[in-house]
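Shown next: target_6.cif, containing mmCIF, C-alpha atoms.
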```cif
data_structure
loop_
_atom_site.label_atom_id
_atom_site.label_comp_id
_atom_site.auth_asym_id
_atom_site.auth_seq_id
_atom_site.Cartn_x
_atom_site.Cartn_y
_atom_site.Cartn_z
CA ILE A 6 174.55 82.49 94.71
CA PRO A 7 170.88 81.55 94.56
CA VAL A 8 168.67 84.52 94.38
CA THR A 9 165.15 84.49 95.77
CA ILE A 10 162.83 86.88 94.06
CA LEU A 11 159.94 88.04 96.20
CA LYS A 12 156.91 88.88 94.17
CA GLN A 13 155.33 92.08 95.44
CA ASP A 14 151.61 92.55 95.12
CA SER A 15 150.38 95.60 93.37
CA PRO A 16 148.68 98.28 95.48
CA SER A 17 145.28 97.27 94.14
CA ARG A 18 145.77 93.62 95.18
CA VAL A 19 146.83 94.77 98.67
CA ILE A 20 143.59 96.76 98.98
CA ASP A 21 141.60 93.76 97.74
CA HIS A 22 143.22 91.54 100.39
CA ALA A 23 142.46 94.11 103.09
CA GLN A 24 138.80 94.39 102.04
CA ALA A 25 138.46 90.61 102.00
CA ASP A 26 139.97 90.34 105.48
CA THR A 27 137.62 93.08 106.77
CA THR A 28 134.55 91.43 105.24
CA GLN A 29 135.49 88.08 106.74
CA ALA A 30 136.02 89.65 110.17
CA ILE A 31 132.63 91.36 110.12
CA SER A 32 130.91 88.16 109.00
CA THR A 33 132.59 86.15 111.76
CA ALA A 34 131.66 88.71 114.42
CA SER A 35 128.06 88.74 113.22
CA ARG A 36 127.80 84.94 113.44
CA ARG A 37 129.19 85.05 116.98
CA LEU A 38 126.68 87.71 118.05
CA ILE A 39 123.82 85.72 116.57
CA ARG A 40 124.95 82.52 118.35
CA ARG A 41 125.32 84.40 121.65
CA ARG A 42 121.90 86.14 121.49
CA PRO A 43 119.69 84.50 124.13
CA SER A 44 116.47 83.00 122.88
CA SER A 45 113.68 84.80 124.70
CA PRO A 46 110.00 84.73 123.67
CA ALA A 47 109.55 88.17 125.25
CA LEU A 48 112.37 89.60 123.18
CA ASP A 49 111.05 87.89 120.07
CA ARG A 50 107.64 89.55 120.55
CA VAL A 51 108.98 93.07 121.00
CA PRO A 52 109.39 93.88 117.28
CA GLN A 53 105.97 92.34 116.46
CA VAL A 54 104.19 94.22 119.25
CA GLY A 55 105.87 97.44 118.16
CA MET A 56 104.78 96.81 114.60
CA ARG A 57 101.17 96.19 115.67
CA VAL A 58 101.16 99.34 117.80
CA GLY A 59 102.55 101.33 114.90
CA ILE A 60 99.91 99.97 112.50
CA THR A 61 97.12 100.68 115.00
CA ALA A 62 98.36 104.24 115.51
CA PHE A 63 98.57 104.72 111.74
CA GLN A 64 95.00 103.44 111.28
CA ARG A 65 93.75 105.67 114.11
CA GLY A 66 95.47 108.67 112.55
CA LYS A 67 93.99 107.77 109.18
CA THR A 68 90.49 107.57 110.73
CA MET A 69 90.95 110.94 112.44
CA ASN A 70 92.03 112.49 109.15
CA GLN A 71 88.91 111.09 107.48
CA TRP A 72 86.68 112.61 110.18
CA LYS A 73 88.50 115.95 109.80
CA LEU A 74 87.91 115.84 106.05
CA ILE A 75 84.19 115.08 106.53
CA PHE A 76 83.84 117.89 109.07
CA LEU A 77 85.64 120.34 106.79
CA THR A 78 83.35 119.36 103.88
CA LEU A 79 80.24 119.96 106.01
CA VAL A 80 81.51 123.37 107.14
CA ILE A 81 82.24 124.41 103.55
CA SER A 82 78.76 123.24 102.47
CA LEU A 83 77.10 125.20 105.27
CA LEU A 84 79.08 128.32 104.47
CA ALA A 85 78.25 128.00 100.79
CA GLY A 86 74.55 127.59 101.64
CA CYS A 87 74.60 130.60 103.95
CA GLY A 88 76.26 132.70 101.26
CA THR A 89 73.61 131.89 98.61
CA THR A 90 70.89 134.52 98.08
CA ARG A 91 67.49 133.02 97.34
CA LEU A 92 64.53 134.52 95.52
CA GLN A 93 60.98 133.85 96.64
CA GLY A 94 58.02 134.70 94.47
CA SER A 95 54.36 133.98 93.78
CA VAL A 96 53.60 132.50 90.36
CA THR A 97 50.13 132.57 88.77
CA ARG A 98 49.34 130.92 85.43
CA PHE A 99 46.34 130.69 83.09
CA HIS A 100 46.64 128.78 79.82
CA THR A 101 45.05 126.48 77.24
CA LEU A 102 48.27 124.70 76.25
CA ASP A 103 48.16 120.92 75.92
CA GLY A 104 51.67 120.43 77.28
CA SER A 105 53.31 119.35 74.00
CA PRO A 106 56.39 121.33 72.83
CA LYS A 107 55.69 124.26 70.51
CA THR A 108 57.61 126.52 68.19
CA PHE A 109 57.76 130.16 69.21
CA ALA A 110 58.83 133.66 68.23
CA ILE A 111 59.54 136.44 70.75
CA PHE A 112 58.33 139.94 69.88
CA PRO A 113 59.29 143.25 71.56
CA LEU A 114 56.68 145.72 72.68
CA GLU A 115 56.72 149.25 71.29
CA ASN A 116 58.94 150.60 74.10
CA GLN A 117 61.30 147.60 73.77
CA GLN A 118 62.10 147.94 70.06
CA ASP A 119 65.68 149.21 70.51
CA SER A 120 66.32 147.93 74.03
CA LEU A 121 69.47 145.90 74.59
CA GLU A 122 68.08 144.98 78.00
CA PHE A 123 65.04 143.38 76.37
CA ARG A 124 67.25 141.43 73.96
CA ALA A 125 69.21 140.01 76.89
CA TYR A 126 66.01 138.93 78.66
CA ALA A 127 64.56 137.50 75.42
CA LYS A 128 67.70 135.39 74.98
CA THR A 129 67.34 134.05 78.53
CA LEU A 130 63.67 133.24 77.89
CA SER A 131 64.53 131.46 74.64
CA THR A 132 67.20 129.38 76.39
CA GLU A 133 64.79 128.30 79.14
CA LEU A 134 62.03 127.33 76.67
CA THR A 135 64.49 125.46 74.45
CA ALA A 136 65.60 123.44 77.48
CA LYS A 137 61.95 122.34 77.85
CA GLY A 138 61.76 121.05 74.28
CA TRP A 139 60.38 124.17 72.59
CA LYS A 140 62.02 125.59 69.47
CA GLU A 141 62.44 129.19 68.35
CA GLU A 142 61.44 129.90 64.73
CA LEU A 143 60.47 132.78 62.48
CA ALA A 144 57.08 134.42 62.95
CA GLU A 145 55.82 133.01 59.64
CA THR A 146 56.01 129.42 60.92
CA ALA A 147 55.90 129.69 64.74
CA ASP A 148 53.05 128.20 66.78
CA VAL A 149 52.95 130.96 69.40
CA ALA A 150 53.97 134.60 69.67
CA ILE A 151 55.54 135.60 73.00
CA PHE A 152 55.57 139.02 74.68
CA LEU A 153 57.58 139.75 77.81
CA GLU A 154 56.87 142.59 80.23
CA TYR A 155 58.84 143.43 83.40
CA ALA A 156 58.93 146.12 86.05
CA ILE A 157 60.61 146.92 89.38
CA GLY A 158 59.83 149.46 92.10
CA GLY A 159 61.17 150.27 95.56
CA LYS A 160 59.46 151.10 98.81
CA THR A 161 60.35 151.66 102.45
CA VAL A 162 58.81 149.34 105.00
CA THR A 163 58.83 149.47 108.80
CA ARG A 164 59.58 146.23 110.59
CA SER A 165 59.20 145.47 114.28
CA TYR A 166 61.07 143.10 116.55
CA PRO A 167 60.54 141.93 120.16
CA ILE A 168 62.71 143.11 123.05
CA PHE A 169 63.44 140.43 125.66
CA LYS A 170 64.51 140.96 129.26
CA GLN A 171 64.48 139.17 132.60
CA VAL A 172 61.24 139.85 134.55
CA PRO A 173 60.15 138.70 138.04
CA PHE A 174 58.47 135.32 138.16
CA GLY A 175 56.55 133.67 141.02
CA ASN A 176 56.70 134.64 144.69
CA ALA A 177 59.66 136.28 146.39
CA THR A 178 61.38 134.45 149.26
CA THR A 179 62.88 136.26 152.25
CA THR A 180 65.26 134.60 154.70
CA GLY A 181 67.29 136.10 157.56
CA THR A 182 68.59 135.95 161.11
CA ILE A 183 68.02 137.91 164.35
CA SER A 184 71.02 138.54 166.53
CA SER A 185 70.98 138.52 170.34
CA SER A 186 70.88 142.29 170.28
CA GLY A 187 67.75 142.23 168.15
CA GLN A 188 69.39 143.22 164.86
CA ILE A 189 67.74 141.68 161.82
CA GLN A 190 69.66 140.60 158.72
CA ALA A 191 67.37 139.54 155.86
CA THR A 192 67.87 138.55 152.20
CA THR A 193 65.10 138.48 149.62
CA THR A 194 65.39 136.37 146.45
CA GLN A 195 63.14 136.61 143.43
CA ALA A 196 62.99 134.14 140.55
CA THR A 197 63.09 135.66 137.06
CA THR A 198 62.23 134.47 133.57
CA LEU A 199 62.90 135.69 130.03
CA ALA A 200 59.90 137.48 128.58
CA VAL A 201 58.94 140.07 125.98
CA ALA A 202 59.23 143.46 127.62
CA GLY A 203 58.50 145.60 124.57
CA THR A 204 59.04 146.03 120.84
CA GLY A 205 61.49 147.92 118.68
CA SER A 206 61.29 148.95 115.04
CA TYR A 207 63.51 149.75 112.07
CA THR A 208 63.01 150.74 108.44
CA ASP A 209 64.18 148.76 105.45
CA GLU A 210 64.05 149.34 101.69
CA VAL A 211 62.59 146.52 99.64
CA PHE A 212 61.93 146.15 95.92
CA VAL A 213 58.91 144.69 94.20
CA ARG A 214 59.74 142.83 90.97
CA GLU A 215 57.11 141.68 88.47
CA VAL A 216 57.42 139.73 85.23
CA ASN A 217 54.51 138.94 82.91
CA LEU A 218 54.69 136.42 80.07
CA LYS A 219 51.95 136.30 77.40
CA MET A 220 51.61 133.87 74.50
CA PHE A 221 49.23 134.10 71.52
CA SER A 222 48.25 131.60 68.85
CA MET A 223 50.03 132.40 65.59
CA PRO A 224 47.87 130.13 63.35
CA ILE A 225 44.75 132.02 64.51
CA TRP A 226 46.53 135.35 63.93
CA ARG A 227 47.58 134.36 60.43
CA ALA A 228 44.05 133.21 59.60
CA SER A 229 41.93 135.99 61.14
CA LYS A 230 44.33 138.63 62.57
CA LYS A 231 42.86 137.86 65.98
CA MET A 232 45.07 137.84 69.10
CA GLU A 233 44.00 134.62 70.80
CA PRO A 234 45.83 134.15 74.16
CA VAL A 235 47.06 130.66 75.00
CA PHE A 236 49.21 131.47 78.07
CA ASP A 237 49.32 134.25 80.66
CA GLY A 238 51.76 133.90 83.53
CA THR A 239 52.96 136.36 86.17
CA ILE A 240 55.52 136.23 88.94
CA ASN A 241 55.67 138.77 91.78
CA SER A 242 58.68 138.89 94.06
CA THR A 243 59.78 141.16 96.89
CA GLY A 244 63.39 141.42 98.03
CA THR A 245 66.31 143.66 98.86
CA THR A 246 67.94 143.36 95.42
CA GLY A 247 67.02 146.44 93.43
CA GLN A 248 68.91 145.62 90.24
CA LEU A 249 66.54 143.90 87.82
CA PRO A 250 69.28 142.41 85.57
CA VAL A 251 70.61 140.52 88.62
CA VAL A 252 67.30 138.79 89.41
CA MET A 253 65.68 138.67 85.95
CA PRO A 254 67.18 135.28 84.91
CA THR A 255 65.93 133.74 88.16
CA LEU A 256 62.49 135.34 87.75
CA ILE A 257 62.14 133.85 84.27
CA ARG A 258 63.36 130.48 85.50
CA ALA A 259 60.86 130.57 88.37
CA LEU A 260 58.00 131.61 86.09
CA LEU A 261 58.69 128.62 83.83
CA GLN A 262 59.15 126.10 86.63
CA GLU A 263 57.04 122.99 85.85
CA PHE A 264 55.90 124.78 82.70
CA PRO A 265 53.12 125.10 81.64
CA GLY A 266 51.76 124.01 85.02
CA ARG A 267 48.17 123.76 86.13
CA SER A 268 45.96 126.52 84.74
CA GLY A 269 44.38 128.80 87.32
CA SER A 270 46.90 127.90 90.03
CA SER A 271 49.02 130.15 92.19
CA THR A 272 52.17 128.72 93.75
CA THR A 273 55.09 129.97 95.81
CA VAL A 274 58.54 129.23 94.43
CA MET A 275 62.01 129.70 95.91
CA LEU A 276 65.17 129.51 93.83
CA PRO A 277 68.81 130.55 94.34
CA ILE A 278 69.76 133.73 92.47
CA TYR A 279 72.22 132.68 89.78
CA PRO A 280 73.15 134.64 86.65
#
```
Kindly present the structure from the file in structure tokens form.
Amino acid sequence: IPVTILKQDSPSRVIDHAQADTTQAISTASRRLIRRRPSSPALDRVPQVGMRVGITAFQRGKTMNQWKLIFLTLVISLLAGCGTTRLQGSVTRFHTLDGSPKTFAIFPLENQQDSLEFRAYAKTLSTELTAKGWKEELAETADVAIFLEYAIGGKTVTRSYPIFKQVPFGNATTTGTISSSGQIQATTTQATTLAVAGTGSYTDEVFVREVNLKMFSMPIWRASKKMEPVFDGTINSTGTTGQLPVVMPTLIRALLQEFPGRSGSSTTVMLPIYP
């Protein structure tokens, strides 16, 4: 008896056949949908218009974000400027310096011999002069000897301010009606304007700060023991800060602004108070 042997696919081959059939069915259905899609210029433009609208909206949003960033930067700058305390002072200088950089040595006065405060101020002064091309050396070889004096004092001052209020202005106008019974109803109007109606006052404590910088010729001192001045500068400043160490670096910086400056001149300077 002839026997027919049917070859049975393995489970993996059955799955492969099923996946192939499914892929072919999806591909056929897709081709049919594409062939059946009506050709319409309006429909063809929809994706492009949507894309352009999306790009325009993105660009507009980007521009708005840029404006927000600029505005935020301006606000931060204004707040930083408002929060900065400034020092104003009057600087007077007399000197015979020729403007070329010198070597210098800083000496303490008798009451500054053991003062740590003086040493801190002397270091600040040395740093400022070095930044201008000068060089600190020993007294035996320095061109100039420098002495630094400083003082601060407080006082109470009375300040006044105007008081504004609305006051009558011009002529008054009266309008009204008379009823049949003779009763009068009238209204008067008066124009007003803002004007100073008085003054008020208050007291405030302010501090007067003064720094004096003197320089003497060391070659003349070594030759004749004579103290020959070559620079004498002073800065006077009034403000509400009563702690000298807080304002001293700014006072020294202001005193040396455009150093050595024009001899016999008095100028007003204004600098931010930085340590």
I'd like the residues picked by the PyMOL selection byres ((chain A and resi 221-223) around 9) written out as a short mmCIF file (atom, residue, chain, number, x, y, z; two decimals) with C-alpha atoms, in the coordinates of the input, using the chain letters and numbers from the file.
```cif
data_model
loop_
_atom_site.label_atom_id
_atom_site.label_comp_id
_atom_site.auth_asym_id
_atom_site.auth_seq_id
_atom_site.Cartn_x
_atom_site.Cartn_y
_atom_site.Cartn_z
CA PHE A 109 57.76 130.16 69.21
CA ALA A 144 57.08 134.42 62.95
CA GLU A 145 55.82 133.01 59.64
CA THR A 146 56.01 129.42 60.92
CA ALA A 147 55.90 129.69 64.74
CA ASP A 148 53.05 128.20 66.78
CA VAL A 149 52.95 130.96 69.40
CA ALA A 150 53.97 134.60 69.67
CA ILE A 151 55.54 135.60 73.00
CA PHE A 152 55.57 139.02 74.68
CA LYS A 219 51.95 136.30 77.40
CA MET A 220 51.61 133.87 74.50
CA PRO A 224 47.87 130.13 63.35
CA ILE A 225 44.75 132.02 64.51
CA TRP A 226 46.53 135.35 63.93
CA ARG A 227 47.58 134.36 60.43
CA ALA A 228 44.05 133.21 59.60
CA LYS A 230 44.33 138.63 62.57
CA LYS A 231 42.86 137.86 65.98
CA MET A 232 45.07 137.84 69.10
CA GLU A 233 44.00 134.62 70.80
CA PRO A 234 45.83 134.15 74.16
CA VAL A 235 47.06 130.66 75.00
CA PHE A 236 49.21 131.47 78.07
#
```
With 6 Å as the cut-off and only C-alpha atoms counted, what is the closest atom pair between each nearby residue of range 177-235 of chain A and range 165-169 of chain A? Distances in Å to one decimal, ordered by chain and number, as CSV.
```
residue,atom,partner,partner_atom,distance
A:Ala200,CA,A:Phe169,CA,5.5
A:Val201,CA,A:Phe169,CA,4.5
A:Ala202,CA,A:Phe169,CA,5.5
A:Gly203,CA,A:Ile168,CA,5.1
A:Thr204,CA,A:Pro167,CA,4.4
A:Gly205,CA,A:Tyr166,CA,5.3
A:Ser206,CA,A:Ser165,CA,4.1
```
- Which of A:Leu256, A:Ser95, A:Ser184, A:Phe123 sits closest to Asn241 in chain A [using only C-alpha atoms]: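 Among A:Leu256, A:Ser95, A:Ser184, A:Phe123, it is A:Ser95 that comes nearest to Asn241 in chain A.
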- Task: Pick out the residues sitting within 6 Å of Phe99 in chain A, and hand them over as a list in words; count only C-alpha atoms, and ignore anything fewer than 2 positions along from it in its own chain.
- Result: Phe236, Asp237, Ser268 and Gly269 of chain A
- Message: For the provided coordinates, the residues matched by the PyMOL selection byres ((chain A and resi 198) around 9) should be stated as number ranges by chain.
- Response: A: 170-174, 196-197, 199-200
- Query: Which value, in Å to one decimal, gives the distance between CA of Gln262 in chain A and CA of Ile111 in chain A?
  - Reply: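 Atom-to-atom, CA of Gln262 in chain A to CA of Ile111 in chain A, that is 19.0 Å.
Nearest to Asp209 in chain A of all the residues A:Leu121, A:Thr108, A:Lys160, A:Ser270 is A:Lys160, counting all atoms listed in the file.
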- Can you turn the PyMOL selection byres ((chain A and resi 107) around 10) into a concrete residue list for this file, as a list in words?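 For this structure, the PyMOL selection byres ((chain A and resi 107) around 10) resolves to Leu102, Asp103, Gly104, Ser105, Pro106, Thr108, Phe109, Leu134, Thr135, Lys137, Gly138, Trp139, Lys140, Glu141, Glu142, Ala147, Asp148 and Val149 of chain A.
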- Task: Would you list the contacts of range 271-273 of chain A as a list in words, taking every protein, DNA or RNA residue within 9 Å and counting all atoms listed in the file, but skipping same-chain residues closer than 2 positions in sequence?
- Result: Gln93, Gly94, Ser95, Val96, Thr97, Arg98, Arg267, Ser268, Gly269 and Met275 of chain A
- Message: From the options A:Ala177, A:Leu153, A:Leu92, A:Leu143, which residue's atoms come nearest to Gln117 in chain A, counting all atoms listed in the file?
- Response: A:Leu153
- In Å, rounded to a single decimal, give me how far CA of Gly158 in chain A is from CA of Ala259 in chain A.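 Rounded to one decimal, the two atoms are 19.3 Å apart.
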- Contact residues around Phe212 in chain A with all atoms listed in the file at 12 Å, ignoring same-chain residues under 5 positions, as an MDAnalysis selection string: chainID A and resid 92 156:162 241:249 252
Taking all atoms of range 259-274 of chain A that appear in the file, build a box with edges along x, y and z, extend it by 6 Å on every side, and state its centre and edge lengths in Å to one decimal, as JSON.
```
{"center_x": 52.6, "center_y": 127.3, "center_z": 88.7, "size_x": 28.5, "size_y": 20.6, "size_z": 26.2}
```
- Message: Just the number, please: distance in Å from CA of Asn217 in chain A to CA of Tyr155 in chain A, one decimal.
- Response: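 Result for CA of Asn217 in chain A versus CA of Tyr155 in chain A: 6.3 Å, one decimal.
If all atoms listed in the file are the atoms counted, then among A:Ala191, A:Glu215, A:Glu154, A:Thr132 the closest residue to Pro113 in chain A is A:Glu154.
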- Query: With only C-alpha atoms as the basis for distance, which of A:Val211, A:Ala127, A:Ile240, A:Leu261 is at the shortest distance from Arg164 in chain A?
  - Reply: A:Val211
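When all atoms listed in the file are used to compute distances to Leu218 in chain A, the closest of the residues A:Gly187, A:Pro254, A:Gly266, A:Gly238 turns out to be A:Gly238.
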